[in-house]
>>> print(open('data16.txt').read())   # compact mmCIF, C-alpha atoms
# COMPACT_ATOMS: atom_id res chain seq x y z
CA MET A 282 29.08 82.29 -27.25
CA SER A 283 31.57 81.98 -30.11
CA VAL A 284 30.75 80.51 -33.51
CA SER A 285 32.72 77.37 -32.70
CA ASP A 286 30.64 76.92 -29.49
CA ILE A 287 27.45 77.06 -31.56
CA ASP A 288 28.93 74.63 -34.07
CA SER A 289 29.91 72.20 -31.38
CA LEU A 290 26.43 72.49 -29.76
CA ILE A 291 24.84 71.75 -33.15
CA GLN A 292 27.23 68.88 -33.69
CA TYR A 293 26.35 67.26 -30.35
CA LEU A 294 22.62 67.84 -30.78
CA SER A 295 22.69 66.26 -34.25
CA LYS A 296 23.93 63.04 -32.64
CA LEU A 297 20.68 62.65 -30.68
CA PRO A 298 18.14 60.13 -32.00
CA GLY A 299 15.63 61.77 -34.35
CA LEU A 300 17.76 64.84 -34.97
CA GLY A 301 19.76 65.53 -38.12
CA PRO A 302 22.01 68.57 -38.73
CA ARG A 303 19.09 70.78 -39.82
CA SER A 304 16.85 70.00 -36.85
CA ALA A 305 19.89 70.24 -34.54
CA ARG A 306 20.45 73.77 -35.83
CA ARG A 307 16.83 74.66 -35.06
CA ALA A 308 17.08 73.15 -31.59
CA ALA A 309 20.35 74.99 -30.91
CA LEU A 310 18.82 78.29 -32.01
CA TYR A 311 15.78 77.68 -29.81
CA LEU A 312 17.98 76.87 -26.82
CA ILE A 313 20.10 79.98 -27.32
CA SER A 314 17.08 82.23 -27.62
CA ASN A 315 15.62 80.70 -24.40
CA ARG A 316 18.87 80.73 -22.48
CA GLU A 317 17.57 81.33 -18.96
CA LYS A 318 14.27 79.50 -19.27
CA LEU A 319 15.57 76.37 -20.99
CA MET A 320 19.25 76.21 -21.86
CA GLU A 321 20.73 76.73 -18.38
CA PRO A 322 18.29 74.41 -16.54
CA LEU A 323 18.76 71.80 -19.30
CA GLY A 324 22.54 72.03 -18.97
CA ALA A 325 22.28 71.68 -15.18
CA ALA A 326 19.88 68.73 -15.49
CA MET A 327 22.20 67.00 -17.96
CA ALA A 328 25.25 67.55 -15.77
CA SER A 329 23.40 66.26 -12.71
CA ALA A 330 22.10 63.18 -14.59
CA ALA A 331 25.56 62.44 -15.98
CA GLU A 332 26.97 62.55 -12.45
CA ASN A 333 24.25 60.78 -10.47
CA VAL A 334 22.41 58.30 -12.72
CA LYS A 335 23.78 54.78 -12.44
CA ASN A 336 22.72 51.20 -13.07
CA CYS A 337 20.95 49.41 -10.24
CA SER A 338 23.20 46.60 -9.01
CA ARG A 339 20.19 44.27 -8.66
CA CYS A 340 18.11 44.82 -11.82
CA SER A 341 20.32 47.13 -13.99
CA ASN A 342 17.60 49.80 -14.13
CA LEU A 343 18.75 53.42 -14.42
CA ASP A 344 18.27 55.45 -11.26
CA THR A 345 20.03 57.94 -9.02
CA ASN A 346 19.87 55.44 -6.14
CA ASP A 347 21.33 51.95 -5.95
CA PRO A 348 19.23 49.76 -5.52
CA CYS A 349 16.70 51.60 -7.68
CA HIS A 350 13.31 52.90 -6.51
CA ILE A 351 11.54 49.81 -7.95
CA CYS A 352 13.77 47.30 -6.15
CA ILE A 353 13.35 49.00 -2.74
CA ASP A 354 9.61 49.69 -3.08
CA PRO A 355 7.94 47.66 -0.25
CA ARG A 356 4.64 47.51 -2.19
CA ARG A 357 6.30 45.52 -4.99
CA ASP A 358 6.07 41.73 -5.12
CA VAL A 359 9.70 40.57 -5.08
CA SER A 360 8.71 36.98 -5.85
CA VAL A 361 7.89 37.91 -9.47
CA ILE A 362 10.64 39.13 -11.83
CA CYS A 363 9.86 40.47 -15.28
CA VAL A 364 12.83 40.09 -17.65
CA VAL A 365 13.10 42.84 -20.27
CA GLU A 366 15.64 43.68 -22.97
CA SER A 367 16.27 47.32 -22.12
CA VAL A 368 15.35 50.20 -19.82
CA ALA A 369 13.00 51.45 -22.57
CA ASP A 370 11.00 48.19 -22.25
CA LEU A 371 10.88 48.61 -18.46
CA TRP A 372 9.52 52.12 -18.89
CA ALA A 373 6.91 50.81 -21.37
CA LEU A 374 5.71 48.21 -18.84
CA GLU A 375 5.74 50.77 -16.02
CA ARG A 376 3.51 53.05 -18.11
CA THR A 377 0.79 50.38 -18.00
CA ALA A 378 0.87 50.42 -14.17
CA SER A 379 -0.39 46.84 -14.27
CA PHE A 380 2.76 45.03 -13.18
CA LYS A 381 3.59 45.10 -9.48
CA GLY A 382 6.62 42.83 -9.42
CA THR A 383 10.30 43.65 -9.92
CA TYR A 384 12.37 43.73 -13.11
CA HIS A 385 15.58 42.41 -14.55
CA ILE A 386 17.18 44.13 -17.53
CA LEU A 387 19.18 41.89 -19.89
CA GLY A 388 20.95 44.71 -21.74
CA GLY A 389 20.06 43.36 -25.20
CA ILE A 390 19.15 40.09 -26.88
CA LEU A 391 21.13 37.28 -28.45
CA SER A 392 22.11 38.57 -31.86
CA PRO A 393 24.86 36.75 -33.76
CA LEU A 394 24.81 39.48 -36.44
CA ASP A 395 25.79 42.10 -33.89
CA GLY A 396 28.16 39.72 -32.10
CA VAL A 397 25.99 39.55 -28.96
CA GLY A 398 26.31 36.18 -27.24
CA PRO A 399 24.95 34.88 -23.90
CA GLU A 400 28.05 36.10 -22.05
CA ASP A 401 27.31 39.70 -23.14
CA LEU A 402 23.89 39.68 -21.50
CA ASN A 403 22.92 40.01 -17.86
CA ILE A 404 21.80 36.35 -17.64
CA ARG A 405 24.18 35.13 -14.93
CA ASP A 406 22.84 37.74 -12.47
CA LEU A 407 19.27 36.68 -13.29
CA ILE A 408 20.08 33.05 -12.47
CA GLY A 409 21.76 34.24 -9.27
CA ARG A 410 18.63 36.18 -8.31
CA ALA A 411 16.38 33.23 -9.13
CA ALA A 412 18.48 30.97 -6.91
CA LYS A 413 19.09 33.36 -3.99
CA GLU A 414 15.98 35.53 -3.68
CA ASN A 415 12.61 33.99 -2.88
CA VAL A 416 11.46 34.07 -6.51
CA LYS A 417 8.33 32.16 -7.56
CA GLU A 418 7.83 33.32 -11.15
CA ILE A 419 9.96 34.81 -13.91
CA ILE A 420 8.11 36.51 -16.76
CA LEU A 421 10.10 36.69 -20.00
CA ALA A 422 9.03 39.90 -21.74
CA THR A 423 11.42 39.80 -24.71
CA SER A 424 10.19 40.97 -28.12
CA ALA A 425 8.20 38.63 -30.37
CA THR A 426 11.00 38.40 -32.95
CA VAL A 427 13.22 35.46 -33.87
CA ASP A 428 16.14 36.87 -31.84
CA GLY A 429 13.89 37.88 -28.92
CA LYS A 430 12.28 34.45 -28.69
CA THR A 431 15.64 32.69 -29.12
CA THR A 432 16.85 34.65 -26.09
CA ALA A 433 13.71 33.68 -24.15
CA HIS A 434 14.19 29.97 -24.97
CA TYR A 435 17.86 30.18 -23.96
CA ILE A 436 16.96 31.75 -20.60
CA THR A 437 14.22 29.15 -20.03
CA ASP A 438 16.82 26.40 -20.51
CA ARG A 439 19.23 28.06 -18.10
CA LEU A 440 16.49 28.50 -15.46
CA LYS A 441 15.38 24.84 -15.61
CA ASP A 442 17.37 23.84 -12.55
CA CYS A 443 16.22 26.80 -10.42
CA GLY A 444 12.73 25.37 -9.85
CA VAL A 445 11.06 28.65 -10.74
CA LYS A 446 7.89 29.02 -12.82
CA VAL A 447 8.85 30.64 -16.15
CA SER A 448 6.19 32.36 -18.24
CA GLU A 449 6.11 34.50 -21.39
CA LEU A 450 4.02 37.41 -22.56
CA ALA A 451 1.11 36.42 -24.82
CA HIS A 452 0.98 37.61 -28.41
CA GLY A 453 -2.09 38.19 -30.51
CA ILE A 454 -4.52 40.87 -31.60
CA PRO A 455 -3.69 44.30 -30.11
CA VAL A 456 -6.37 46.36 -28.39
CA GLY A 457 -8.18 48.35 -31.10
CA GLY A 458 -6.77 46.10 -33.85
CA GLU A 459 -9.01 45.28 -36.80
CA LEU A 460 -8.47 41.85 -38.34
CA ASP A 461 -8.39 43.21 -41.88
CA TYR A 462 -5.36 45.38 -41.11
CA LEU A 463 -3.36 42.85 -39.10
CA ASP A 464 -0.34 41.08 -40.56
CA ASP A 465 -0.52 37.35 -41.29
CA GLY A 466 1.97 36.45 -38.56
CA THR A 467 0.02 38.16 -35.77
CA LEU A 468 -3.26 36.64 -37.00
CA SER A 469 -1.77 33.13 -37.19
CA ALA A 470 -0.26 33.49 -33.70
CA ALA A 471 -3.59 34.78 -32.34
CA LEU A 472 -5.47 31.85 -33.89
CA LYS A 473 -2.94 29.37 -32.53
CA GLU A 474 -3.12 30.82 -29.01
CA ARG A 475 -6.93 31.17 -28.97
CA ARG A 476 -8.73 30.50 -25.68
CA SER A 477 -12.20 29.30 -24.79
CA THR A 478 -14.67 31.91 -23.57
CA MET B 147 18.36 48.55 -62.38
CA ASN B 148 15.09 47.10 -61.24
CA TRP B 149 13.90 43.55 -60.67
CA PHE B 150 11.16 41.56 -58.96
CA ASP B 151 11.87 38.21 -57.34
CA GLN B 152 10.72 35.79 -54.66
CA GLY B 153 12.95 35.55 -51.61
CA ILE B 154 13.41 34.26 -48.08
CA VAL B 155 14.64 36.69 -45.42
CA LEU B 156 18.02 35.60 -44.00
CA SER B 157 18.76 38.54 -41.75
CA ALA B 158 17.89 42.16 -41.10
CA ARG B 159 20.34 44.47 -39.40
CA LYS B 160 19.55 47.99 -38.27
CA TYR B 161 21.01 50.79 -40.36
CA GLY B 162 20.75 54.35 -39.10
CA GLU B 163 17.73 55.24 -37.03
CA ASN B 164 14.92 53.58 -38.91
CA SER B 165 16.30 51.65 -41.88
CA LEU B 166 17.36 48.04 -42.24
CA ILE B 167 19.91 46.23 -44.38
CA VAL B 168 18.07 43.06 -45.34
CA ALA B 169 19.71 39.94 -46.80
CA LEU B 170 17.43 37.74 -48.89
CA MET B 171 18.02 34.39 -50.55
CA THR B 172 16.25 35.00 -53.83
CA ALA B 173 15.06 32.55 -56.50
CA THR B 174 17.06 33.94 -59.41
CA HIS B 175 19.49 36.50 -57.98
CA GLY B 176 21.08 34.40 -55.21
CA LYS B 177 21.88 35.89 -51.83
CA HIS B 178 21.22 39.59 -52.26
CA SER B 179 21.23 42.44 -49.74
CA GLY B 180 19.46 45.76 -49.97
CA LEU B 181 18.38 48.73 -47.89
CA VAL B 182 14.83 48.93 -46.61
CA ARG B 183 13.86 52.50 -45.80
CA ARG B 184 11.75 52.83 -42.64
CA GLY B 185 12.15 49.08 -42.16
CA THR B 186 11.99 49.38 -38.37
CA SER B 187 8.53 50.95 -38.41
CA LYS B 188 5.77 49.13 -36.52
CA ARG B 189 3.86 48.48 -39.73
CA VAL B 190 6.56 46.61 -41.65
CA ARG B 191 9.05 45.33 -39.04
CA GLY B 192 7.33 41.91 -38.93
CA ILE B 193 8.00 41.34 -42.65
CA TYR B 194 11.77 41.22 -42.15
CA GLU B 195 11.97 38.34 -39.70
CA PRO B 196 14.32 35.50 -40.76
CA GLY B 197 12.51 32.70 -42.58
CA ASN B 198 9.68 34.85 -43.98
CA PHE B 199 8.79 34.43 -47.66
CA VAL B 200 8.62 37.76 -49.42
CA SER B 201 7.99 39.14 -52.85
CA ALA B 202 10.82 41.62 -53.34
CA ASN B 203 11.40 44.57 -55.63
CA TRP B 204 15.03 45.75 -55.85
CA ASN B 205 15.90 49.14 -57.25
CA ALA B 206 19.28 50.80 -57.78
CA ARG B 207 20.84 53.30 -60.17
CA LEU B 208 23.82 51.01 -60.87
CA GLU B 209 24.07 47.23 -60.64
CA ASP B 210 26.81 47.23 -57.99
CA HIS B 211 24.95 49.62 -55.66
CA LEU B 212 23.42 48.27 -52.45
CA GLY B 213 19.99 49.23 -53.78
CA ILE B 214 16.62 49.66 -52.14
CA TYR B 215 14.27 46.79 -51.36
CA THR B 216 10.52 47.03 -51.17
CA CYS B 217 9.05 43.76 -49.95
CA GLU B 218 5.62 42.31 -49.53
CA LEU B 219 5.02 39.43 -47.16
CA VAL B 220 3.94 36.19 -48.85
CA ALA B 221 4.08 33.79 -45.89
CA SER B 222 5.33 34.24 -42.36
CA LYS B 223 6.94 31.06 -41.08
CA ALA B 224 8.68 32.67 -38.12
CA ALA B 225 5.41 33.73 -36.46
CA LEU B 226 4.10 30.16 -36.47
CA ILE B 227 7.09 28.59 -34.75
CA LEU B 228 8.20 31.31 -32.33
CA ASN B 229 7.11 29.27 -29.31
CA ASP B 230 8.87 26.04 -30.31
CA PRO B 231 12.53 26.22 -29.22
CA LEU B 232 13.78 23.41 -31.49
CA LEU B 233 11.93 24.63 -34.60
CA LEU B 234 13.01 28.21 -33.99
CA SER B 235 16.64 27.20 -33.51
CA GLY B 236 16.43 25.08 -36.70
CA LEU B 237 15.08 28.00 -38.71
CA SER B 238 17.68 30.40 -37.29
CA SER B 239 20.41 27.88 -38.04
CA ALA B 240 19.27 27.37 -41.66
CA CYS B 241 19.15 31.14 -42.25
CA ALA B 242 22.54 31.76 -40.59
CA VAL B 243 24.26 28.90 -42.47
CA THR B 244 22.80 30.09 -45.80
CA GLU B 245 23.87 33.65 -45.12
CA CYS B 246 27.46 32.76 -44.29
CA ALA B 247 27.93 29.99 -46.88
CA PHE B 248 26.85 31.70 -50.10
CA PRO B 249 28.58 34.57 -51.88
CA GLU B 250 26.51 37.65 -52.70
CA ARG B 251 24.64 37.90 -56.02
CA GLU B 252 25.47 34.41 -57.33
CA PRO B 253 22.31 32.64 -58.55
CA HIS B 254 21.57 29.30 -56.87
CA SER B 255 18.07 28.47 -58.07
CA VAL B 256 18.27 24.76 -57.21
CA PHE B 257 19.43 25.56 -53.70
CA PHE B 258 16.70 28.21 -53.32
CA ASN B 259 14.08 25.55 -54.05
CA ASN B 260 15.66 23.23 -51.48
CA PHE B 261 15.75 26.05 -48.94
CA ARG B 262 12.11 26.97 -49.68
CA LYS B 263 11.06 23.34 -49.20
CA LEU B 264 13.01 23.10 -45.94
CA VAL B 265 11.42 26.25 -44.50
CA ALA B 266 7.97 25.11 -45.66
CA SER B 267 8.49 21.68 -44.04
CA LEU B 268 9.53 23.11 -40.69
CA ASP B 269 6.36 22.09 -38.88
CA SER B 270 6.22 18.59 -40.44
CA PRO B 271 7.14 15.61 -38.20
CA ASN B 272 10.39 14.76 -40.03
CA TRP B 273 11.77 18.24 -40.53
CA VAL B 274 15.11 17.54 -38.76
CA GLU B 275 15.74 14.74 -41.29
CA HIS B 276 15.01 17.25 -44.09
CA TYR B 277 17.43 19.64 -42.41
CA VAL B 278 20.30 17.13 -42.43
CA PHE B 279 19.70 16.35 -46.13
CA TRP B 280 19.49 20.08 -46.80
CA GLU B 281 22.96 20.68 -45.29
CA ILE B 282 24.38 17.85 -47.42
CA ARG B 283 22.76 19.42 -50.53
CA LEU B 284 24.21 22.79 -49.52
CA LEU B 285 27.69 21.21 -49.52
CA THR B 286 26.98 19.77 -52.99
CA GLU B 287 25.75 23.14 -54.27
CA LEU B 288 29.00 24.77 -53.16
CA GLY B 289 31.17 22.08 -54.74
CA PHE B 290 31.94 19.97 -51.68
CA GLY B 291 29.46 17.16 -52.34
CA LEU B 292 29.55 13.92 -50.35
CA ASP B 293 29.22 10.55 -52.10
CA LEU B 294 27.20 8.35 -49.77
CA SER B 295 25.92 5.94 -52.45
CA ALA B 296 28.73 3.35 -52.47
CA CYS B 297 31.85 2.29 -50.59
CA ALA B 298 34.92 4.27 -51.69
CA ALA B 299 37.09 1.11 -51.66
CA THR B 300 34.85 -1.69 -52.94
CA GLY B 301 32.06 0.13 -54.78
CA ASN B 302 29.43 -1.90 -52.89
CA SER B 303 26.41 -0.19 -51.45
CA ASP B 304 25.85 -2.64 -48.55
CA GLN B 305 26.53 -1.88 -44.89
CA LEU B 306 27.80 1.66 -45.36
CA VAL B 307 28.50 2.85 -41.83
CA TYR B 308 31.40 5.30 -42.14
CA VAL B 309 32.34 8.40 -44.11
CA SER B 310 35.90 9.20 -45.01
CA PRO B 311 36.77 12.67 -43.63
CA LYS B 312 39.30 13.09 -46.44
CA SER B 313 37.26 12.25 -49.52
CA GLY B 314 33.69 12.64 -48.20
CA LYS B 315 32.86 9.18 -49.58
CA ALA B 316 31.04 6.38 -47.77
CA VAL B 317 33.03 3.42 -46.43
CA SER B 318 31.57 -0.03 -45.73
CA LYS B 319 31.73 -1.68 -42.30
CA ALA B 320 34.23 -4.38 -43.32
CA VAL B 321 36.65 -1.99 -45.04
CA GLY B 322 36.40 0.73 -42.42
CA LYS B 323 36.67 -1.38 -39.27
CA PRO B 324 40.50 -1.16 -38.90
CA TYR B 325 40.33 2.63 -39.34
CA HIS B 326 37.05 3.28 -37.47
CA HIS B 327 38.71 5.77 -35.08
CA LYS B 328 39.70 7.92 -38.06
CA LEU B 329 36.36 7.71 -39.89
CA LEU B 330 33.12 9.58 -39.26
CA PRO B 331 30.02 7.55 -38.36
CA LEU B 332 27.38 7.50 -41.11
CA PRO B 333 23.83 7.21 -39.76
CA ASP B 334 21.64 4.65 -41.49
CA PHE B 335 18.94 7.11 -42.64
CA LEU B 336 21.42 8.89 -44.94
CA THR B 337 22.04 5.76 -47.00
CA SER B 338 18.67 3.94 -46.96
CA ASP B 339 15.87 4.77 -49.36
CA HIS B 340 14.59 8.13 -48.16
CA GLU B 341 10.92 7.41 -48.97
CA THR B 342 10.62 3.91 -47.52
CA ALA B 343 12.94 4.10 -44.50
CA ASP B 344 11.62 4.38 -40.92
CA SER B 345 11.92 7.70 -39.14
CA PRO B 346 15.46 8.03 -37.76
CA SER B 347 16.08 8.33 -34.03
CA THR B 348 17.09 11.67 -32.48
CA ALA B 349 20.57 10.24 -31.84
CA ASP B 350 20.90 9.33 -35.55
CA LEU B 351 19.79 12.83 -36.56
CA ALA B 352 22.35 14.36 -34.19
CA ALA B 353 25.02 12.07 -35.70
CA GLY B 354 23.98 13.19 -39.20
CA LEU B 355 24.33 16.83 -38.18
CA GLU B 356 27.72 16.13 -36.65
CA MET B 357 28.92 14.50 -39.87
CA ALA B 358 27.69 17.45 -41.95
CA GLU B 359 29.29 19.81 -39.41
CA TYR B 360 32.72 18.29 -40.02
CA PHE B 361 32.55 19.07 -43.76
CA LEU B 362 30.88 22.45 -43.26
CA LYS B 363 33.62 23.46 -40.83
CA ARG B 364 36.42 22.17 -43.05
CA ASN B 365 35.15 23.69 -46.29
CA ILE B 366 33.00 26.69 -45.40
CA PHE B 367 33.08 27.87 -41.78
CA ILE B 368 36.90 27.91 -41.75
CA HIS B 369 36.77 30.88 -44.15
CA ILE B 370 34.32 32.83 -42.02
CA LYS B 371 35.26 35.15 -39.20
CA GLY B 372 33.94 33.58 -36.01
CA GLY B 373 33.63 30.10 -37.53
CA GLU B 374 30.41 28.15 -37.19
CA PRO B 375 27.36 30.45 -36.79
CA PRO B 376 26.23 30.46 -33.11
CA ALA B 377 22.65 29.77 -34.28
CA ARG B 378 23.76 26.39 -35.68
CA THR B 379 25.72 25.55 -32.52
CA ARG B 380 22.61 26.24 -30.42
CA PHE B 381 20.45 24.08 -32.73
CA VAL B 382 22.86 21.11 -32.59
CA ASP B 383 23.21 21.45 -28.80
CA ARG B 384 19.44 21.45 -28.39
CA LEU B 385 19.08 18.36 -30.57
CA LYS B 386 21.85 16.57 -28.67
CA GLN B 387 20.09 17.39 -25.40
CA LEU B 388 16.93 15.80 -26.79
CA ALA B 389 18.92 12.75 -27.94
CA THR B 390 20.36 12.36 -24.41
CA ILE B 391 16.90 12.67 -22.84
CA SER B 392 15.32 10.16 -25.26
CA SER B 393 18.16 7.63 -24.81
CA ALA B 394 17.98 7.83 -20.99
>>> encode(input="data16.txt", output="structure tokens")
Amino acid sequence: MSVSDIDSLIQYLSKLPGLGPRSARRAALYLISNREKLMEPLGAAMASAAENVKNCSRCSNLDTNDPCHICIDPRRDVSVICVVESVADLWALERTASFKGTYHILGGILSPLDGVGPEDLNIRDLIGRAAKENVKEIILATSATVDGKTTAHYITDRLKDCGVKVSELAHGIPVGGELDYLDDGTLSAALKERRST
Amino acid sequence: MNWFDQGIVLSARKYGENSLIVALMTATHGKHSGLVRRGTSKRVRGIYEPGNFVSANWNARLEDHLGIYTCELVASKAALILNDPLLLSGLSSACAVTECAFPEREPHSVFFNNFRKLVASLDSPNWVEHYVFWEIRLLTELGFGLDLSACAATGNSDQLVYVSPKSGKAVSKAVGKPYHHKLLPLPDFLTSDHETADSPSTADLAAGLEMAEYFLKRNIFIHIKGGEPPARTRFVDRLKQLATISSA
């Protein structure tokens, strides 16, 4: 391994989220010193992922198969679609293991500052799915921010003619949250959305 | 350089992995941007939502540096109206129009007070009316004020139903009739006594926004890349939809 190879490895590693040039140097050194145990399998795994991982044509999830393992799972309820912003949000919901429907990934949210308009998002496919597939409910799981909610309201408007039930995730006090430490916005939203016991 | 001020968050864009560049409309320093370190963290992300009132501390070595903001939340308007599509689009529109209309670091204390009142009134029944007046005041603040008090030709203040697109002055029904296709309609609520008048209809409010839009486009949005902010377009479309539903 020449010096320029090490430099280029450090350069690429420093582009990863959470890594700066110093930590990239440490990671590169660690990889080089564990060449057989880590570096070669990692390189093979990266090459294989780069070649095989693609977007699911139905929900835009990342998988080696198209349609993805979630879309073809017979135990999943295909009449419920959960709309999320990104694959990271899908993974977060999958971690809970409490949602048994299918997903639809928008690929972002409406954000005029970043030049993201409705035509840049995967909304047309969602409307197509709502109209074609036997969908009963669409759950909008966008973030509880101004842009996230604006996107949710926009999608709700577009889905009006599809005759599908549209619901949103609730927002309020998180599990383990103490009132004293919660921000005013969350507390106000929780009070507004209170329910009878 | 170091100052403390009250401000309203206009926008927050991600910078690097966990910082934000936040634009505030401040009481005494005008529209002012600054860097918020670790602004994307779970603990503080909610502070930098558009429309939130904050108490801001700005710090920089030199005056023309971007500087670092440290903000404390005073009131969170966004959280209260997230589930109301019209209110949310109105708030987004007000923030987007303010951000694109004003130059950086130019004090506009009178406008800040108007903006603060508008954001505070967002859950009141006549907030859309406030919004239309707010846009007209914004035009005035930037030097493109409309004169809706008297007819441009006769000086009378009766039956003002048009606005001249050239001068931005009101025109009475009798004078404007031959040129009505060239004039902009002036809804009644913009000329009658604001305190005593009845609540305007949704169609009138939409007409008021359309009139303001003409002057905003001609004087302000024309100089901005991309033209009218999409947030305002969505707000006006939503209001027009409501006007169509209520008139049907």
>>> closest_residue(input="data16.txt", among="B:Pro311, B:Glu195, B:Lys363, B:Phe335", to="Asn272 of chain B", atoms="all atoms listed in the file")
B:Phe335
>>> closest_atom_pairs(input="data16.txt", of="chain B", to="chain A", cutoff="10 Å", atoms="only C-alpha atoms", output="CSV")
residue,atom,partner,partner_atom,distance
B:Ser157,CA,A:Leu394,CA,8.1
B:Ala158,CA,A:Leu394,CA,8.8
B:Arg159,CA,A:Leu394,CA,7.3
B:Lys160,CA,A:Asp395,CA,9.6
B:Gly162,CA,A:Pro298,CA,9.5
B:Glu163,CA,A:Pro298,CA,7.0
B:Asn164,CA,A:Gly299,CA,9.4
B:Arg189,CA,A:Asp464,CA,8.5
B:Val190,CA,A:Asp464,CA,8.9
B:Arg191,CA,A:Thr426,CA,9.4
B:Gly192,CA,A:Gly466,CA,7.7
B:Ile193,CA,A:Asp464,CA,8.6
B:Tyr194,CA,A:Thr426,CA,9.7
B:Glu195,CA,A:Val427,CA,6.6
B:Pro196,CA,A:Val427,CA,7.0
B:Gly197,CA,A:Val427,CA,9.2
B:Asn198,CA,A:Gly466,CA,9.6
B:Leu219,CA,A:Asp465,CA,8.3
B:Val220,CA,A:Asp465,CA,8.9
B:Ala221,CA,A:Asp465,CA,7.4
B:Ser222,CA,A:Gly466,CA,5.5
B:Lys223,CA,A:Gly466,CA,7.8
B:Ala224,CA,A:Val427,CA,6.8
B:Ala225,CA,A:Gly466,CA,4.9
B:Leu226,CA,A:Ala470,CA,6.1
B:Ile227,CA,A:Ala470,CA,8.9
B:Leu228,CA,A:Lys430,CA,6.3
B:Asn229,CA,A:Lys430,CA,7.3
B:Asp230,CA,A:His434,CA,8.5
B:Pro231,CA,A:His434,CA,5.9
B:Leu232,CA,A:His434,CA,9.3
B:Leu234,CA,A:Thr431,CA,7.1
B:Ser235,CA,A:Thr431,CA,7.1
B:Leu237,CA,A:Val427,CA,9.1
B:Ser238,CA,A:Val427,CA,7.6
B:Ala242,CA,A:Pro393,CA,8.8
B:Gly372,CA,A:Gly396,CA,9.3
B:Pro375,CA,A:Pro393,CA,7.4
B:Pro376,CA,A:Pro393,CA,6.5
B:Ala377,CA,A:Pro393,CA,7.3
B:Arg380,CA,A:Tyr435,CA,8.9
B:Arg384,CA,A:Asp438,CA,9.7
>>> residues_around(input="data16.txt", residues="segment 412-416 of chain A", least_positions_apart="4", cutoff="9 Å", atoms="all atoms listed in the file", output="PDB file with C-alpha atoms, keeping the file's coordinate frame")
ATOM      1  CA  VAL A 359       9.700  40.570  -5.080  1.00  0.00           C
ATOM      2  CA  SER A 360       8.710  36.980  -5.850  1.00  0.00           C
ATOM      3  CA  VAL A 361       7.890  37.910  -9.470  1.00  0.00           C
ATOM      4  CA  ILE A 362      10.640  39.130 -11.830  1.00  0.00           C
ATOM      5  CA  LEU A 407      19.270  36.680 -13.290  1.00  0.00           C
ATOM      6  CA  ILE A 408      20.080  33.050 -12.470  1.00  0.00           C
ATOM      7  CA  CYS A 443      16.220  26.800 -10.420  1.00  0.00           C
ATOM      8  CA  GLY A 444      12.730  25.370  -9.850  1.00  0.00           C
ATOM      9  CA  VAL A 445      11.060  28.650 -10.740  1.00  0.00           C
ATOM     10  CA  LYS A 446       7.890  29.020 -12.820  1.00  0.00           C
TER      11      LYS A 446
END
>>> residues_around(input="data16.txt", residues="Asn205 of chain B", least_positions_apart="3", cutoff="9 Å", atoms="only C-alpha atoms", output="PDB file with C-alpha atoms, keeping the file's coordinate frame")
ATOM      1  CA  MET B 147      18.360  48.550 -62.380  1.00  0.00           C
ATOM      2  CA  ASN B 148      15.090  47.100 -61.240  1.00  0.00           C
ATOM      3  CA  TRP B 149      13.900  43.550 -60.670  1.00  0.00           C
ATOM      4  CA  GLY B 180      19.460  45.760 -49.970  1.00  0.00           C
ATOM      5  CA  LEU B 208      23.820  51.010 -60.870  1.00  0.00           C
ATOM      6  CA  LEU B 212      23.420  48.270 -52.450  1.00  0.00           C
ATOM      7  CA  GLY B 213      19.990  49.230 -53.780  1.00  0.00           C
ATOM      8  CA  ILE B 214      16.620  49.660 -52.140  1.00  0.00           C
ATOM      9  CA  TYR B 215      14.270  46.790 -51.360  1.00  0.00           C
ATOM     10  CA  THR B 216      10.520  47.030 -51.170  1.00  0.00           C
TER      11      THR B 216
END
>>> residues_around(input="data16.txt", residues="Ala320 of chain B", least_positions_apart="3", cutoff="12 Å", atoms="only C-alpha atoms", output="number ranges by chain")
B: 297, 299-300, 302, 304-308, 317, 323-326
>>> atom_distance(input="data16.txt", atom1="atom CA of Ser295 of chain A", atom2="atom CA of Val334 of chain A")
23.0 Å
>>> atom_distance(input="data16.txt", atom1="atom CA of Glu374 of chain B", atom2="atom CA of Gly388 of chain A")
24.5 Å
